[in-house]
>>> print(open('final00.cif').read())   # mmCIF, C-alpha atoms
data_run
#
loop_
_atom_site.label_atom_id
_atom_site.label_comp_id
_atom_site.auth_asym_id
_atom_site.auth_seq_id
_atom_site.Cartn_x
_atom_site.Cartn_y
_atom_site.Cartn_z
CA MET W 1 74.69 214.80 239.04
CA ASN W 2 73.93 217.56 241.50
CA PRO W 3 74.49 217.41 245.27
CA ILE W 4 70.87 216.53 245.98
CA HIS W 5 70.95 213.53 243.68
CA PHE W 6 74.35 212.59 245.00
CA ARG W 7 73.02 212.70 248.55
CA SER W 8 70.38 210.12 247.65
CA LEU W 9 73.10 207.78 246.39
CA VAL W 10 75.12 208.28 249.55
CA ASP W 11 72.09 207.55 251.72
CA THR W 12 71.28 204.44 249.71
CA HIS W 13 74.71 202.83 249.78
CA ARG W 14 76.65 204.19 252.75
CA ASP W 15 75.77 201.42 255.22
CA ARG W 16 76.64 198.67 252.75
CA VAL W 17 79.97 200.23 251.90
CA TYR W 18 80.82 201.02 255.51
CA SER W 19 79.92 197.50 256.63
CA TYR W 20 82.07 195.96 253.95
CA VAL W 21 85.02 198.15 254.89
CA LEU W 22 84.49 197.46 258.59
CA HIS W 23 84.46 193.72 258.00
CA MET W 24 87.64 194.05 255.98
CA LEU W 25 89.55 196.33 258.37
CA ARG W 26 87.75 195.82 261.69
CA ASP W 27 88.61 199.34 262.80
CA PRO W 28 85.60 201.68 263.00
CA ALA W 29 87.60 204.92 262.81
CA VAL W 30 89.70 203.85 259.83
CA SER W 31 86.63 202.34 258.18
CA ALA W 32 84.78 205.65 258.48
CA ASP W 33 87.71 207.47 256.88
CA VAL W 34 87.93 204.95 254.07
CA THR W 35 84.17 205.09 253.46
CA GLN W 36 84.34 208.88 253.32
CA ASP W 37 87.15 208.74 250.77
CA VAL W 38 85.21 206.22 248.68
CA PHE W 39 82.16 208.49 248.43
CA ILE W 40 84.29 211.55 247.69
CA ARG W 41 85.77 209.57 244.82
CA LEU W 42 82.25 208.80 243.66
CA TRP W 43 81.50 212.52 243.61
CA GLU W 44 84.65 213.18 241.61
CA HIS W 45 83.78 210.44 239.12
CA ARG W 46 80.04 211.16 238.99
CA ASP W 47 80.00 212.19 235.35
CA GLY W 48 79.31 209.18 233.19
CA MET W 49 78.62 206.93 236.17
CA ASP W 50 76.21 204.09 235.46
CA GLU W 51 73.90 204.34 238.44
CA ASP W 52 72.73 200.75 238.06
CA ARG W 53 76.26 199.65 238.83
CA VAL W 54 77.23 202.29 241.32
CA LEU W 55 77.27 199.88 244.26
CA SER W 56 79.64 197.55 242.43
CA TRP W 57 81.82 200.55 241.65
CA LEU W 58 81.76 201.68 245.27
CA LEU W 59 82.66 198.24 246.59
CA ARG W 60 85.45 197.89 244.07
CA VAL W 61 86.95 201.22 245.13
CA ALA W 62 86.40 200.31 248.78
CA ARG W 63 88.14 196.99 248.34
CA ASN W 64 91.18 198.64 246.75
CA ALA W 65 91.24 201.16 249.58
CA CYS W 66 91.08 198.33 252.13
CA ILE W 67 93.93 196.51 250.44
CA ASP W 68 95.97 199.72 250.61
CA GLN W 69 95.16 200.08 254.28
CA VAL W 70 96.14 196.50 255.03
CA ARG W 71 99.38 197.00 253.18
CA LYS W 72 100.13 200.10 255.21
CA ARG W 73 99.60 198.41 258.50
CA LYS W 74 98.50 194.94 259.30
CA VAL W 75 95.13 195.05 260.94
CA ARG W 76 94.98 192.38 263.55
CA LYS W 77 92.73 194.02 266.02
CA SER W 78 90.92 192.23 268.78
CA VAL W 79 87.19 192.10 268.42
CA GLU W 80 86.74 193.16 272.03
CA ASN W 81 85.57 196.62 271.03
CA ASP W 82 84.27 195.58 267.68
CA ASP W 83 80.72 196.82 267.26
CA VAL W 84 79.98 195.13 263.98
CA THR W 85 77.23 192.88 265.20
CA GLY W 86 75.72 191.12 268.06
CA VAL W 87 76.27 187.41 268.43
CA ASP W 88 73.16 185.40 267.92
CA VAL W 89 74.44 182.29 266.33
CA LEU W 90 74.20 179.96 269.28
CA SER W 91 71.51 181.79 271.11
CA ASP W 92 68.30 180.07 271.95
CA ASP W 93 65.35 181.91 273.38
CA ALA W 94 67.29 182.71 276.53
CA PRO W 95 70.99 182.12 275.93
CA SER W 96 73.02 181.17 278.91
CA PRO W 97 76.19 183.12 279.70
CA GLU W 98 78.20 180.05 278.77
CA ARG W 99 76.57 179.77 275.40
CA THR W 100 76.98 183.46 274.74
CA ALA W 101 80.62 183.32 275.72
CA ALA W 102 81.19 180.31 273.52
CA ALA W 103 79.50 182.02 270.60
CA SER W 104 81.55 185.15 271.15
CA LEU W 105 84.77 183.15 271.27
CA PHE W 106 83.89 181.27 268.13
CA ARG W 107 82.99 184.49 266.37
CA GLU W 108 86.30 186.06 267.35
CA ARG W 109 88.20 183.07 266.04
CA LEU W 110 86.20 183.07 262.87
CA LEU W 111 87.01 186.72 262.25
CA LEU W 112 90.69 186.08 262.90
CA ALA W 113 90.55 183.18 260.44
CA LEU W 114 88.87 185.53 257.99
CA ASP W 115 91.76 187.96 258.46
CA ARG W 116 94.14 185.22 257.45
CA LEU W 117 92.39 184.65 254.14
CA GLY W 118 94.02 186.32 251.18
CA GLU W 119 92.30 188.36 248.54
CA PRO W 120 89.98 187.94 246.76
CA HIS W 121 88.80 185.06 248.97
CA ARG W 122 88.25 187.32 251.94
CA SER W 123 86.18 189.84 249.99
CA ILE W 124 84.14 187.04 248.49
CA VAL W 125 83.35 185.62 251.93
CA VAL W 126 82.40 189.03 253.32
CA LEU W 127 80.25 189.91 250.33
CA ARG W 128 78.54 186.52 250.11
CA GLU W 129 78.34 185.15 253.63
CA ILE W 130 77.92 188.36 255.62
CA GLN W 131 76.44 190.88 253.21
CA GLU W 132 74.54 188.27 251.19
CA TYR W 133 75.27 189.57 247.72
CA LYS W 134 74.39 187.43 244.75
CA TYR W 135 77.18 185.60 242.97
CA GLU W 136 76.64 187.79 239.91
CA GLU W 137 77.00 190.98 241.94
CA ILE W 138 80.22 189.71 243.50
CA ALA W 139 81.57 188.76 240.10
CA ASP W 140 80.75 192.23 238.82
CA THR W 141 82.28 193.93 241.83
CA LEU W 142 85.51 191.94 241.79
CA ASN W 143 85.64 191.71 238.02
CA LEU W 144 85.89 187.93 238.14
CA PRO W 145 84.10 185.23 236.14
CA LEU W 146 81.04 183.83 237.89
CA ASN W 147 82.43 180.32 238.17
CA THR W 148 85.67 181.64 239.59
CA VAL W 149 83.72 183.36 242.34
CA LYS W 150 81.99 180.10 243.21
CA VAL W 151 85.24 178.15 243.22
CA TYR W 152 86.99 180.77 245.35
CA LEU W 153 84.10 180.81 247.80
CA HIS W 154 84.27 177.05 248.20
CA ARG W 155 88.01 177.23 248.77
CA ALA W 156 87.61 180.04 251.26
CA ARG W 157 84.94 178.19 253.22
CA LYS W 158 87.11 175.13 253.29
CA ALA W 159 90.11 177.17 254.42
CA LEU W 160 88.07 178.68 257.23
CA ARG W 161 86.82 175.28 258.28
CA LYS W 162 90.34 173.89 258.35
CA ASP W 163 91.68 176.95 260.14
CA LEU W 164 89.05 176.75 262.86
CA GLY W 165 89.51 173.01 263.05
CA GLU W 166 93.22 173.54 263.71
CA VAL W 167 92.40 176.01 266.48
CA HIS W 168 89.94 173.55 267.94
CA ARG W 169 92.46 170.73 267.90
CA HIS W 170 95.18 172.96 269.32
CA ASP W 171 92.96 174.10 272.17
CA TYR W 172 91.40 170.80 273.07
CA ALA W 173 94.10 168.25 272.25
CA MET C 1 95.59 161.05 271.70
CA THR C 2 94.46 157.70 270.33
CA MET C 3 94.82 156.51 266.78
CA HIS C 4 91.08 156.90 266.44
CA ASP C 5 91.24 160.55 267.53
CA ASP C 6 94.04 161.30 265.08
CA ASN C 7 92.16 159.64 262.26
CA ARG C 8 89.02 161.55 263.21
CA HIS C 9 90.64 164.93 262.47
CA ASP C 10 92.59 164.12 259.35
CA PRO C 11 90.83 163.39 256.08
CA SER C 12 94.04 162.08 254.56
CA ARG C 13 93.96 159.23 257.07
CA GLY C 14 90.59 158.13 255.86
CA ASP C 15 89.50 156.37 252.74
CA SER C 16 88.96 157.86 249.31
CA ASP C 17 85.30 158.52 250.11
CA ARG C 18 86.32 160.79 252.96
CA LEU C 19 88.74 162.71 250.76
CA TRP C 20 86.07 163.03 248.10
CA ALA C 21 83.50 164.18 250.67
CA ASP C 22 85.90 166.73 252.09
CA GLU C 23 86.32 168.23 248.62
CA HIS C 24 82.58 168.35 248.02
CA LEU C 25 81.32 169.45 251.42
CA GLU C 26 80.73 173.10 250.44
CA ALA C 27 79.03 172.10 247.22
CA TRP C 28 76.77 169.72 249.14
CA MET C 29 75.86 172.44 251.64
CA ASP C 30 75.01 174.77 248.76
CA GLY C 31 72.86 172.08 247.16
CA GLN C 32 75.03 172.09 244.08
CA LEU C 33 75.73 168.38 243.88
CA ASP C 34 73.67 166.32 241.49
CA SER C 35 71.58 163.46 242.83
CA VAL C 36 74.27 160.82 242.37
CA ASP C 37 76.99 162.81 244.11
CA GLY C 38 74.54 164.00 246.75
CA LYS C 39 73.67 160.40 247.58
CA ARG C 40 77.33 159.47 247.72
CA PHE C 41 78.07 162.35 250.08
CA GLU C 42 75.19 161.46 252.38
CA ASP C 43 76.26 157.83 252.46
CA VAL C 44 79.69 158.90 253.69
CA LEU C 45 78.11 161.32 256.11
CA ALA C 46 75.99 158.58 257.63
CA ARG C 47 78.99 156.52 258.65
CA ASP C 48 81.88 158.97 259.10
CA GLU C 49 82.14 160.79 262.40
CA TRP C 50 84.86 163.06 261.05
CA LEU C 51 82.66 164.23 258.20
CA ILE C 52 79.77 164.87 260.59
CA SER C 53 81.99 167.14 262.67
CA GLU C 54 83.16 168.96 259.54
CA VAL C 55 79.58 169.55 258.42
CA ASP C 56 78.73 170.84 261.88
CA GLN C 57 81.70 173.16 261.74
CA ALA C 58 80.71 174.44 258.31
CA ARG C 59 77.14 175.06 259.46
CA LEU C 60 78.37 176.92 262.53
CA ILE C 61 80.60 179.13 260.38
CA SER C 62 77.74 179.86 258.03
CA ALA C 63 75.36 180.66 260.89
CA THR C 64 77.92 182.91 262.58
CA PHE C 65 78.45 184.89 259.42
CA ALA C 66 74.70 185.10 258.85
CA GLY C 67 74.31 186.58 262.34
CA MET C 68 76.55 189.50 261.45
CA GLU C 69 74.44 192.41 260.33
CA ASP C 70 75.37 195.50 258.40
CA ALA C 71 76.79 198.22 260.58
CA ARG C 72 75.36 201.72 260.38
CA CYS C 73 77.64 204.24 258.75
CA PRO C 74 78.40 207.13 261.14
CA ASP C 75 76.54 210.34 260.29
CA VAL C 76 79.77 212.30 260.28
CA VAL C 77 80.84 210.41 257.16
CA THR C 78 77.79 211.59 255.24
CA ALA C 79 78.20 215.12 256.59
CA ASN C 80 81.83 215.33 255.50
CA VAL C 81 81.13 213.86 252.09
CA MET C 82 78.25 216.26 251.44
CA ARG C 83 80.28 219.24 252.65
CA HIS C 84 82.95 218.34 250.12
CA ALA C 85 80.39 217.85 247.36
CA ARG C 86 78.59 221.15 247.98
CA ARG C 87 81.83 223.13 248.17
CA ASP C 88 83.07 221.53 244.98
CA TRP C 89 79.72 222.17 243.31
CA VAL C 90 79.86 225.89 244.14
CA LEU C 91 83.49 226.22 243.08
CA GLN C 92 82.76 224.67 239.71
CA LEU C 93 79.63 226.73 239.05
CA PRO C 94 81.35 229.43 236.92
CA LYS C 95 83.12 226.79 234.88
CA ARG C 96 79.84 224.97 234.23
CA LEU C 97 78.13 228.20 233.19
CA VAL C 98 80.89 229.02 230.72
CA GLU C 99 80.79 225.51 229.31
CA GLY C 100 77.03 225.67 229.01
CA PHE C 101 77.22 229.00 227.19
CA ARG C 102 79.79 227.60 224.79
CA ARG C 103 77.64 224.60 224.06
CA MET C 104 74.66 226.84 223.40
CA SER C 105 76.74 229.20 221.27
CA SER C 106 77.95 226.40 219.08
CA ALA C 107 74.48 224.97 218.68
CA GLY C 108 73.04 227.59 216.38
CA LEU C 109 71.57 229.62 219.21
CA ARG C 110 73.89 232.58 218.78
CA PRO C 111 71.21 234.90 217.31
CA ALA C 112 68.88 234.21 220.20
CA LEU C 113 71.64 234.78 222.72
CA ALA C 114 72.75 237.96 220.98
CA MET C 115 69.19 239.25 220.90
CA MET C 116 68.72 238.43 224.58
CA LEU C 117 71.92 240.25 225.40
CA LEU C 118 70.89 243.27 223.38
CA LEU C 119 67.48 243.39 224.96
CA VAL C 120 69.00 243.23 228.41
CA VAL C 121 71.38 246.06 227.56
CA VAL C 122 68.69 248.20 225.97
CA LEU C 123 66.12 247.65 228.69
CA SER C 124 68.53 248.20 231.52
CA SER C 125 69.94 251.30 229.84
CA THR C 126 66.45 252.64 229.22
CA LEU C 127 65.49 252.07 232.82
CA ILE C 128 68.63 253.77 234.03
CA TYR C 129 68.07 256.61 231.62
CA ARG C 130 64.48 257.10 232.72
CA SER C 131 65.33 256.92 236.40
CA ILE C 132 67.59 259.94 236.17
CA PRO C 133 65.57 262.98 237.23
CA GLU C 134 65.49 266.22 235.30
CA GLN C 135 66.92 264.56 232.27
CA PRO C 136 67.18 267.00 229.39
CA ALA C 137 65.06 266.38 226.38
CA GLN C 138 66.40 264.05 223.75
CA THR C 139 68.67 265.65 221.28
CA ALA C 140 68.61 264.76 217.64
CA GLU C 141 71.81 262.80 218.20
CA VAL C 142 70.26 260.65 220.92
CA ALA C 143 67.18 260.09 218.83
CA GLN C 144 69.40 258.93 216.00
CA ALA C 145 71.27 256.60 218.34
CA LEU C 146 68.08 255.00 219.52
CA GLU C 147 67.03 254.63 215.92
CA ASP C 148 70.33 252.82 215.31
CA VAL C 149 69.55 250.47 218.15
CA LYS C 150 66.11 249.76 216.74
CA MET C 151 67.64 249.19 213.34
CA ALA C 152 70.17 246.79 214.79
CA LEU C 153 67.42 244.80 216.45
CA ALA C 154 65.45 244.80 213.22
CA VAL C 155 68.45 243.50 211.29
CA LEU C 156 68.96 240.78 213.83
CA ALA C 157 65.29 239.80 213.83
CA ASP C 158 65.20 239.74 210.06
CA ALA C 159 68.36 237.68 209.87
CA GLY C 160 66.98 235.23 212.35
CA ARG C 161 63.73 234.95 210.43
CA THR C 162 65.33 234.42 207.06
CA THR C 163 68.09 232.04 208.11
CA GLY C 164 66.02 230.11 210.60
CA SER C 165 68.67 229.66 213.21
CA THR C 166 72.14 230.88 212.38
CA VAL C 167 73.58 234.35 212.03
CA SER C 168 77.22 234.55 211.25
CA ASN C 169 79.77 236.74 212.96
CA GLU C 170 80.03 238.80 209.77
CA VAL C 171 76.43 239.93 210.23
CA ILE C 172 76.36 240.36 213.99
CA GLY C 173 79.54 242.43 214.15
CA PRO C 174 78.94 245.21 211.61
CA TYR C 175 75.14 245.28 211.71
CA VAL C 176 74.37 244.63 215.36
CA VAL C 177 77.23 245.01 217.78
CA ARG C 178 78.89 248.10 216.36
CA PRO C 179 75.69 250.14 215.81
CA MET C 180 74.55 249.12 219.26
CA ALA C 181 77.82 250.14 220.85
CA LYS C 182 77.85 253.42 218.98
CA GLY C 183 74.23 254.10 219.88
CA MET C 184 74.70 253.27 223.53
CA ASN C 185 77.78 255.45 223.75
CA THR C 186 75.80 258.33 222.33
CA VAL C 187 72.95 257.75 224.78
CA ILE C 188 75.34 257.60 227.73
CA GLU C 189 77.32 260.65 226.65
CA ASN C 190 74.17 262.74 226.32
#
>>> encode(input="final00.cif", output="structure tokens")
Amino acid sequence: MNPIHFRSLVDTHRDRVYSYVLHMLRDPAVSADVTQDVFIRLWEHRDGMDEDRVLSWLLRVARNACIDQVRKRKVRKSVENDDVTGVDVLSDDAPSPERTAAASLFRERLLLALDRLGEPHRSIVVLREIQEYKYEEIADTLNLPLNTVKVYLHRARKALRKDLGEVHRHDYA
Amino acid sequence: MTMHDDNRHDPSRGDSDRLWADEHLEAWMDGQLDSVDGKRFEDVLARDEWLISEVDQARLISATFAGMEDARCPDVVTANVMRHARRDWVLQLPKRLVEGFRRMSSAGLRPALAMMLLLVVVLSSTLIYRSIPEQPAQTAEVAQALEDVKMALAVLADAGRTTGSTVSNEVIGPYVVRPMAKGMNTVIEN
């Protein structure tokens, strides 16, 4: 694989990898560094790489790098400066400030609940619910049986629901 | 908080249907329950306020996640990665050339490579020789050396023709390399 071909792979997959890392770490600067390291590793392992499965390989390496980062320092960063996405979930045609604020608050709590999920549940939620990968792709990426991925996703969703329910009860009791 | 409120938020305070529905809520949302279980879930949903709130919560979570789009990777990441790749590519170029030559050498292409090398040497030497002004006329020794070079090329060509692809070191050394070296030395010295 020469640099020109490699560049095409980087262009194809960089946003997906960066987004995954950003959702895992929620720190844009660290996520950029991790993404850079992931693609440098791809370059170093380019010989013999199955290009049909390169995204799974990238996400697997990215996930391990994220786990290392989380081990080094617990990432519990506020989403105040988080530029991952806009918040559209509760928006109607013209969302009121109250609705926008409520959506933002819910989103922040959801991300904090996501932080509290352990692996591989957290990766499964990010890959499935946010990045919309197929179950088979997630299974390939995480090297898990397909049914295990489905079971873990159900458990993770339930854990999030319970976690947010606890917050709701705590706030409004 | 009333008893009703407490019961509303705790599936363990409800009946077995509520517990069952709580376990199957995600599967129901994914449409993975069969018709019998789906009907059972919806029956519970129709009469259980707690389950309705849980379904609403699950839908809100799903919608919030769905509203999160992929972030754009900063350009500096790509720039740094490609800088590393290009530098590494250049640094490894000599190694790749040597490996490529070895692969070719071991693949029965040695006669062709040897002939190419000889032709390069002869042509470049001839050009250099001709570019020197006021060069004295060829001596008999130089003429003999050039004849040796021609002979070496002829031996190589003949060997290649008769063997098809492979010429052993025993042939190249005494019949090609040494006469060529001797001939070129003579040409250079004169």
>>> closest_residue(input="final00.cif", among="W:Ser19, W:Gln69, W:Ser104, W:Asn143", to="chain C", atoms="all atoms listed in the file")
W:Ser19
>>> residues_near_point(input="final00.cif", point="(87.9, 213.4, 251.2)", cutoff="8 Å", atoms="all atoms listed in the file", output="PyMOL selection string")
(chain W and resi 36-37+40-41) or (chain C and resi 80-81+84)
>>> residues_around(input="final00.cif", residues="Ile61 (chain C)", least_positions_apart="2", cutoff="10 Å", atoms="all atoms listed in the file", output="list of chain:residue names")
W:Val89, W:Phe106, W:Arg107, W:Leu110, W:Glu129, W:Arg157, W:Leu160, W:Arg161, W:Leu164, C:Val55, C:Asp56, C:Gln57, C:Ala58, C:Arg59, C:Ala63, C:Thr64, C:Phe65, C:Ala66, C:Gly67
>>> closest_residue(input="final00.cif", among="W:Val38, W:Glu137, W:Asn2, W:Ala29", to="Arg14 (chain W)", atoms="only C-alpha atoms")
W:Val38
>>> closest_atom_pairs(input="final00.cif", of="chain C", to="chain W", cutoff="10 Å", atoms="only C-alpha atoms", output="JSON lines")
{"residue": "C:Met1", "atom": "CA", "partner": "W:Ala173", "partner_atom": "CA", "distance": 7.4}
{"residue": "C:Asp5", "atom": "CA", "partner": "W:Ala173", "partner_atom": "CA", "distance": 9.5}
{"residue": "C:Asp6", "atom": "CA", "partner": "W:Arg169", "partner_atom": "CA", "distance": 10.0}
{"residue": "C:His9", "atom": "CA", "partner": "W:Arg169", "partner_atom": "CA", "distance": 8.2}
{"residue": "C:Asp22", "atom": "CA", "partner": "W:Lys158", "partner_atom": "CA", "distance": 8.6}
{"residue": "C:Glu23", "atom": "CA", "partner": "W:Lys158", "partner_atom": "CA", "distance": 8.4}
{"residue": "C:His24", "atom": "CA", "partner": "W:His154", "partner_atom": "CA", "distance": 8.9}
{"residue": "C:Leu25", "atom": "CA", "partner": "W:Lys158", "partner_atom": "CA", "distance": 8.3}
{"residue": "C:Glu26", "atom": "CA", "partner": "W:His154", "partner_atom": "CA", "distance": 5.8}
{"residue": "C:Ala27", "atom": "CA", "partner": "W:His154", "partner_atom": "CA", "distance": 7.3}
{"residue": "C:Asp30", "atom": "CA", "partner": "W:His154", "partner_atom": "CA", "distance": 9.6}
{"residue": "C:Ser53", "atom": "CA", "partner": "W:Gly165", "partner_atom": "CA", "distance": 9.5}
{"residue": "C:Glu54", "atom": "CA", "partner": "W:Arg161", "partner_atom": "CA", "distance": 7.4}
{"residue": "C:Val55", "atom": "CA", "partner": "W:Arg161", "partner_atom": "CA", "distance": 9.2}
{"residue": "C:Asp56", "atom": "CA", "partner": "W:Arg161", "partner_atom": "CA", "distance": 9.9}
{"residue": "C:Gln57", "atom": "CA", "partner": "W:Arg161", "partner_atom": "CA", "distance": 6.5}
{"residue": "C:Ala58", "atom": "CA", "partner": "W:Arg161", "partner_atom": "CA", "distance": 6.2}
{"residue": "C:Arg59", "atom": "CA", "partner": "W:Arg161", "partner_atom": "CA", "distance": 9.8}
{"residue": "C:Leu60", "atom": "CA", "partner": "W:Val89", "partner_atom": "CA", "distance": 7.7}
{"residue": "C:Ile61", "atom": "CA", "partner": "W:Leu110", "partner_atom": "CA", "distance": 7.3}
{"residue": "C:Ser62", "atom": "CA", "partner": "W:Glu129", "partner_atom": "CA", "distance": 6.9}
{"residue": "C:Ala63", "atom": "CA", "partner": "W:Val89", "partner_atom": "CA", "distance": 5.8}
{"residue": "C:Thr64", "atom": "CA", "partner": "W:Val89", "partner_atom": "CA", "distance": 5.2}
{"residue": "C:Phe65", "atom": "CA", "partner": "W:Ile130", "partner_atom": "CA", "distance": 5.2}
{"residue": "C:Ala66", "atom": "CA", "partner": "W:Ile130", "partner_atom": "CA", "distance": 5.6}
{"residue": "C:Gly67", "atom": "CA", "partner": "W:Asp88", "partner_atom": "CA", "distance": 5.8}
{"residue": "C:Met68", "atom": "CA", "partner": "W:Thr85", "partner_atom": "CA", "distance": 5.1}
{"residue": "C:Glu69", "atom": "CA", "partner": "W:Thr85", "partner_atom": "CA", "distance": 5.6}
{"residue": "C:Asp70", "atom": "CA", "partner": "W:Ser19", "partner_atom": "CA", "distance": 5.3}
{"residue": "C:Ala71", "atom": "CA", "partner": "W:Ser19", "partner_atom": "CA", "distance": 5.1}
{"residue": "C:Arg72", "atom": "CA", "partner": "W:Asp15", "partner_atom": "CA", "distance": 5.2}
{"residue": "C:Cys73", "atom": "CA", "partner": "W:Asp15", "partner_atom": "CA", "distance": 4.9}
{"residue": "C:Pro74", "atom": "CA", "partner": "W:Ala32", "partner_atom": "CA", "distance": 7.1}
{"residue": "C:Asp75", "atom": "CA", "partner": "W:Ala32", "partner_atom": "CA", "distance": 9.7}
{"residue": "C:Val76", "atom": "CA", "partner": "W:Ala32", "partner_atom": "CA", "distance": 8.5}
{"residue": "C:Val77", "atom": "CA", "partner": "W:Gln36", "partner_atom": "CA", "distance": 5.4}
{"residue": "C:Thr78", "atom": "CA", "partner": "W:Val10", "partner_atom": "CA", "distance": 7.1}
{"residue": "C:Ala79", "atom": "CA", "partner": "W:Gln36", "partner_atom": "CA", "distance": 9.3}
{"residue": "C:Asn80", "atom": "CA", "partner": "W:Gln36", "partner_atom": "CA", "distance": 7.3}
{"residue": "C:Val81", "atom": "CA", "partner": "W:Ile40", "partner_atom": "CA", "distance": 5.9}
{"residue": "C:Met82", "atom": "CA", "partner": "W:Arg7", "partner_atom": "CA", "distance": 7.0}
{"residue": "C:Arg83", "atom": "CA", "partner": "W:Pro3", "partner_atom": "CA", "distance": 9.6}
{"residue": "C:His84", "atom": "CA", "partner": "W:Ile40", "partner_atom": "CA", "distance": 7.3}
{"residue": "C:Ala85", "atom": "CA", "partner": "W:Pro3", "partner_atom": "CA", "distance": 6.3}
{"residue": "C:Arg86", "atom": "CA", "partner": "W:Pro3", "partner_atom": "CA", "distance": 6.2}
{"residue": "C:Arg87", "atom": "CA", "partner": "W:Pro3", "partner_atom": "CA", "distance": 9.7}
{"residue": "C:Asp88", "atom": "CA", "partner": "W:Glu44", "partner_atom": "CA", "distance": 9.1}
{"residue": "C:Trp89", "atom": "CA", "partner": "W:Pro3", "partner_atom": "CA", "distance": 7.3}
>>> residues_around(input="final00.cif", residues="region 51-53 of chain W", least_positions_apart="4", cutoff="12 Å", atoms="only C-alpha atoms", output="PyMOL selection string")
chain W and resi 1+5-6+8-10+12-13+42+45-47+57-60+136-138+140-141
